[in-house]
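Source file: my_file10.cif. Holds: mmCIF, C-alpha atoms.
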```cif
data_query
#
loop_
_atom_site.group_PDB
_atom_site.id
_atom_site.type_symbol
_atom_site.label_atom_id
_atom_site.label_comp_id
_atom_site.auth_asym_id
_atom_site.auth_seq_id
_atom_site.Cartn_x
_atom_site.Cartn_y
_atom_site.Cartn_z
ATOM 1 C CA MET Z 1 0.000 0.000 0.000
ATOM 2 C CA LEU Z 2 1.325 3.420 -0.966
ATOM 3 C CA PRO Z 3 1.787 6.042 1.743
ATOM 4 C CA VAL Z 4 -0.760 8.833 1.775
ATOM 5 C CA ASN Z 5 0.448 12.115 0.365
ATOM 6 C CA ARG Z 6 -0.722 14.557 3.050
ATOM 7 C CA LYS Z 7 -0.772 17.554 0.710
ATOM 8 C CA GLU Z 8 -2.936 15.747 -1.857
ATOM 9 C CA GLU Z 9 -5.223 14.439 0.887
ATOM 10 C CA LEU Z 10 -5.714 17.921 2.316
ATOM 11 C CA ASN Z 11 -6.318 19.394 -1.145
ATOM 12 C CA SER Z 12 -8.923 16.718 -1.748
ATOM 13 C CA ARG Z 13 -10.635 17.574 1.555
ATOM 14 C CA VAL Z 14 -10.544 21.290 0.796
ATOM 15 C CA ASN Z 15 -12.169 20.690 -2.587
ATOM 16 C CA TYR Z 16 -14.775 18.418 -1.031
ATOM 17 C CA TYR Z 17 -15.791 20.977 1.626
ATOM 18 C CA TYR Z 18 -15.644 23.827 -0.880
ATOM 19 C CA ASN Z 19 -18.015 22.010 -3.224
ATOM 20 C CA TRP Z 20 -20.261 20.995 -0.317
ATOM 21 C CA ALA Z 21 -20.489 24.596 0.915
ATOM 22 C CA ARG Z 22 -21.089 25.921 -2.589
ATOM 23 C CA GLU Z 23 -23.917 23.441 -3.177
ATOM 24 C CA LEU Z 24 -25.495 24.308 0.163
ATOM 25 C CA ILE Z 25 -25.319 28.022 -0.602
ATOM 26 C CA GLU Z 26 -26.892 27.508 -4.014
ATOM 27 C CA GLN Z 27 -29.683 25.373 -2.556
ATOM 28 C CA GLU Z 28 -30.442 27.821 0.229
ATOM 29 C CA SER Z 29 -29.936 31.061 -1.683
ATOM 30 C CA ASP Z 30 -33.690 31.555 -1.871
ATOM 31 C CA ILE Z 31 -34.091 32.147 1.854
ATOM 32 C CA PHE Z 32 -34.879 35.839 1.540
ATOM 33 C CA ILE Z 33 -36.621 35.789 -1.815
ATOM 34 C CA CYS Z 34 -40.220 36.882 -1.507
ATOM 35 C CA GLU Z 35 -42.561 35.681 -4.212
ATOM 36 C CA LYS Z 36 -44.775 38.753 -4.075
ATOM 37 C CA GLU Z 37 -43.514 42.318 -4.155
ATOM 38 C CA ASP Z 38 -45.377 43.301 -0.991
ATOM 39 C CA GLU Z 39 -44.439 40.182 0.990
ATOM 40 C CA ASN Z 40 -42.636 40.664 4.304
ATOM 41 C CA LEU Z 41 -39.796 38.616 5.688
ATOM 42 C CA THR Z 42 -40.924 35.900 8.058
ATOM 43 C CA LYS Z 43 -39.567 34.619 11.318
ATOM 44 C CA ASP Z 44 -39.054 31.203 9.687
ATOM 45 C CA GLN Z 45 -36.873 32.677 6.937
ATOM 46 C CA VAL Z 46 -34.652 34.422 9.483
ATOM 47 C CA MET Z 47 -34.447 31.360 11.721
ATOM 48 C CA ARG Z 48 -33.527 29.169 8.723
ATOM 49 C CA TYR Z 49 -30.815 31.596 7.646
ATOM 50 C CA PHE Z 50 -29.223 31.759 11.084
ATOM 51 C CA HIS Z 51 -29.452 27.993 11.507
ATOM 52 C CA PHE Z 52 -27.346 27.544 8.364
ATOM 53 C CA LEU Z 53 -24.989 30.353 9.325
ATOM 54 C CA ARG Z 54 -24.274 28.852 12.757
ATOM 55 C CA ASP Z 55 -24.110 25.298 11.395
ATOM 56 C CA GLY Z 56 -21.650 26.335 8.690
ATOM 57 C CA GLU Z 57 -19.480 28.167 11.200
ATOM 58 C CA GLU Z 58 -19.382 25.105 13.490
ATOM 59 C CA LYS Z 59 -18.423 22.823 10.586
ATOM 60 C CA ARG Z 60 -15.763 25.254 9.364
ATOM 61 C CA ILE Z 61 -14.158 25.375 12.800
ATOM 62 C CA PHE Z 62 -14.397 21.583 13.159
ATOM 63 C CA VAL Z 63 -12.571 20.995 9.865
ATOM 64 C CA LEU Z 64 -9.828 23.491 10.722
ATOM 65 C CA GLN Z 65 -9.289 21.931 14.129
ATOM 66 C CA LYS Z 66 -9.390 18.364 12.794
ATOM 67 C CA TYR Z 67 -6.587 19.085 10.346
ATOM 68 C CA ASP Z 68 -4.619 21.320 12.728
ATOM 69 C CA TYR Z 69 -4.970 24.514 10.726
ATOM 70 C CA LYS Z 70 -4.893 27.991 12.127
ATOM 71 C CA ASP Z 71 -8.214 29.780 11.691
ATOM 72 C CA PRO Z 72 -7.580 32.630 9.202
ATOM 73 C CA CYS Z 73 -11.031 34.108 9.909
ATOM 74 C CA SER Z 74 -11.045 33.997 13.697
ATOM 75 C CA ASN Z 75 -11.221 37.790 13.971
ATOM 76 C CA LEU Z 76 -13.859 38.296 11.265
ATOM 77 C CA LEU Z 77 -16.990 36.759 12.746
ATOM 78 C CA CYS Z 78 -17.960 35.817 16.245
ATOM 79 C CA VAL Z 79 -21.047 34.398 17.909
ATOM 80 C CA ASN Z 80 -21.898 37.812 19.382
ATOM 81 C CA ASP Z 81 -21.989 39.339 15.891
ATOM 82 C CA ILE Z 82 -24.316 36.583 14.676
ATOM 83 C CA ASP Z 83 -26.571 36.994 17.713
ATOM 84 C CA GLU Z 84 -26.670 40.768 17.272
ATOM 85 C CA LEU Z 85 -27.537 40.469 13.588
ATOM 86 C CA GLU Z 86 -30.255 37.925 14.346
ATOM 87 C CA ASN Z 87 -31.776 40.201 16.990
ATOM 88 C CA SER Z 88 -31.758 43.115 14.542
ATOM 89 C CA MET Z 89 -33.487 41.023 11.892
ATOM 90 C CA MET Z 90 -36.123 39.834 14.355
ATOM 91 C CA ASN Z 91 -36.698 43.477 15.306
ATOM 92 C CA LEU Z 92 -37.093 44.262 11.606
ATOM 93 C CA ILE Z 93 -39.815 41.618 11.360
ATOM 94 C CA ARG Z 94 -41.532 43.025 14.443
ATOM 95 C CA TYR Z 95 -41.418 46.485 12.884
ATOM 96 C CA GLN Z 96 -42.833 45.185 9.610
ATOM 97 C CA ASN Z 97 -45.642 43.374 11.391
ATOM 98 C CA ARG Z 98 -46.439 46.328 13.622
ATOM 99 C CA HIS Z 99 -46.525 48.835 10.773
ATOM 100 C CA GLN Z 100 -47.633 46.482 7.988
ATOM 101 C CA THR Z 101 -44.939 47.751 5.668
ATOM 102 C CA THR Z 102 -42.516 46.390 3.108
ATOM 103 C CA ASP Z 103 -40.831 49.767 2.789
ATOM 104 C CA TYR Z 104 -37.235 49.246 3.894
ATOM 105 C CA THR Z 105 -36.289 52.920 3.789
ATOM 106 C CA PHE Z 106 -37.762 53.432 7.250
ATOM 107 C CA TYR Z 107 -34.482 52.492 8.919
ATOM 108 C CA GLU Z 108 -33.025 55.847 7.897
ATOM 109 C CA SER Z 109 -35.478 57.729 10.086
ATOM 110 C CA ASP Z 110 -36.679 55.209 12.671
ATOM 111 C CA ASN Z 111 -33.974 53.887 14.958
ATOM 112 C CA SER Z 112 -36.510 52.242 17.257
ATOM 113 C CA ILE Z 113 -36.259 49.113 15.136
ATOM 114 C CA PHE Z 114 -32.923 48.339 16.751
ATOM 115 C CA ASN Z 115 -34.223 48.652 20.287
ATOM 116 C CA ASP Z 116 -34.996 45.266 21.748
ATOM 117 C CA ASP Z 117 -38.261 45.940 23.506
ATOM 118 C CA ASP Z 118 -40.017 42.791 24.629
ATOM 119 C CA ASP Z 119 -43.540 44.184 24.563
ATOM 120 C CA ASP Z 120 -44.156 43.066 20.983
ATOM 121 C CA ASP Z 121 -42.702 39.529 21.015
ATOM 122 C CA ASP Z 122 -46.189 38.113 20.548
ATOM 123 C CA ILE Z 123 -46.306 39.663 17.060
ATOM 124 C CA LEU Z 124 -43.839 37.077 15.806
#
```

Could you rewrite the structure in this file as structure tokens?
Amino acid sequence: MLPVNRKEELNSRVNYYYNWARELIEQESDIFICEKEDENLTKDQVMRYFHFLRDGEEKRIFVLQKYDYKDPCSNLLCVNDIDELENSMMNLIRYQNRHQTTDYTFYESDNSIFNDDDDDDDIL
């Protein structure tokens, strides 16, 4: 049996995970596509997006650790950033539901969307 060429093995793994991630992105790229012009985002769309974002981040870290690679993106994204973005998107949905709007220009004048007030959680 021939010895395994570590470089070729790692290149093969990189290509496998690259293709896997690309296929997943292509399959899930419709998450935020609304079929009707006046359709709002839904809680399910946001939850689905963040599920895949967190799952992908966990798998990326697992692969890097398994093959003893330094994480080149460790300073780019952290769990707090993901949580903050998710909270902002949920607040956007609350705002949409409260005001029955699909007009996304409101954020320029209404900063209350980013305040996490719990009095309207039942709207979701």

With distances taken over all atoms listed in the file, which residue among Z:Ile93, Z:Pro3, Z:Trp20, Z:His99 lies nearest Lys59 in chain Z?
Z:Trp20

Would you please work out which residue, of Z:Val46, Z:Arg13, Z:His51, Z:Asp68, is nearest to Ser88 in chain Z when using only C-alpha atoms?
Z:Val46

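Closest approach to Leu53 in chain Z among Z:Val14, Z:Ala21, Z:Met90, Z:Leu2: Z:Ala21, based on all atoms listed in the file.
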
Decode the PyMOL selection byres ((chain Z and resi 41) around 9) for the given file into explicit residues and return them as a list in words.
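What the PyMOL selection byres ((chain Z and resi 41) around 9) grabs from the file is Phe32, Ile33, Cys34, Glu39, Asn40, Thr42, Lys43, Asp44, Gln45, Val46, Leu92, Ile93, Gln96 and Thr102 of chain Z.
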
Residues at most 10 Å from Asp83 in chain Z, counting only C-alpha atoms, excluding those fewer than 6 positions away in the same chain, as a CSV table (one decimal) with C-alpha atoms, keeping the file's coordinate frame?
```csv
chain,number,residue,atom,x,y,z
Z,50,PHE,CA,-29.2,31.8,11.1
Z,54,ARG,CA,-24.3,28.9,12.8
Z,89,MET,CA,-33.5,41.0,11.9
```

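One finds CA of Glu26 in chain Z at 22.8 Å from CA of Leu76 in chain Z.
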
Hey, which of Z:Arg22, Z:Lys66, Z:Arg48, Z:Lys7 ends up closest to Glu86 in chain Z? Count all atoms listed in the file.
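Among Z:Arg22, Z:Lys66, Z:Arg48, Z:Lys7, it is Z:Arg48 that comes nearest to Glu86 in chain Z.
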
Taken to one decimal, the CA of Gly56 in chain Z-CA of Asp30 in chain Z distance is 16.8 Å
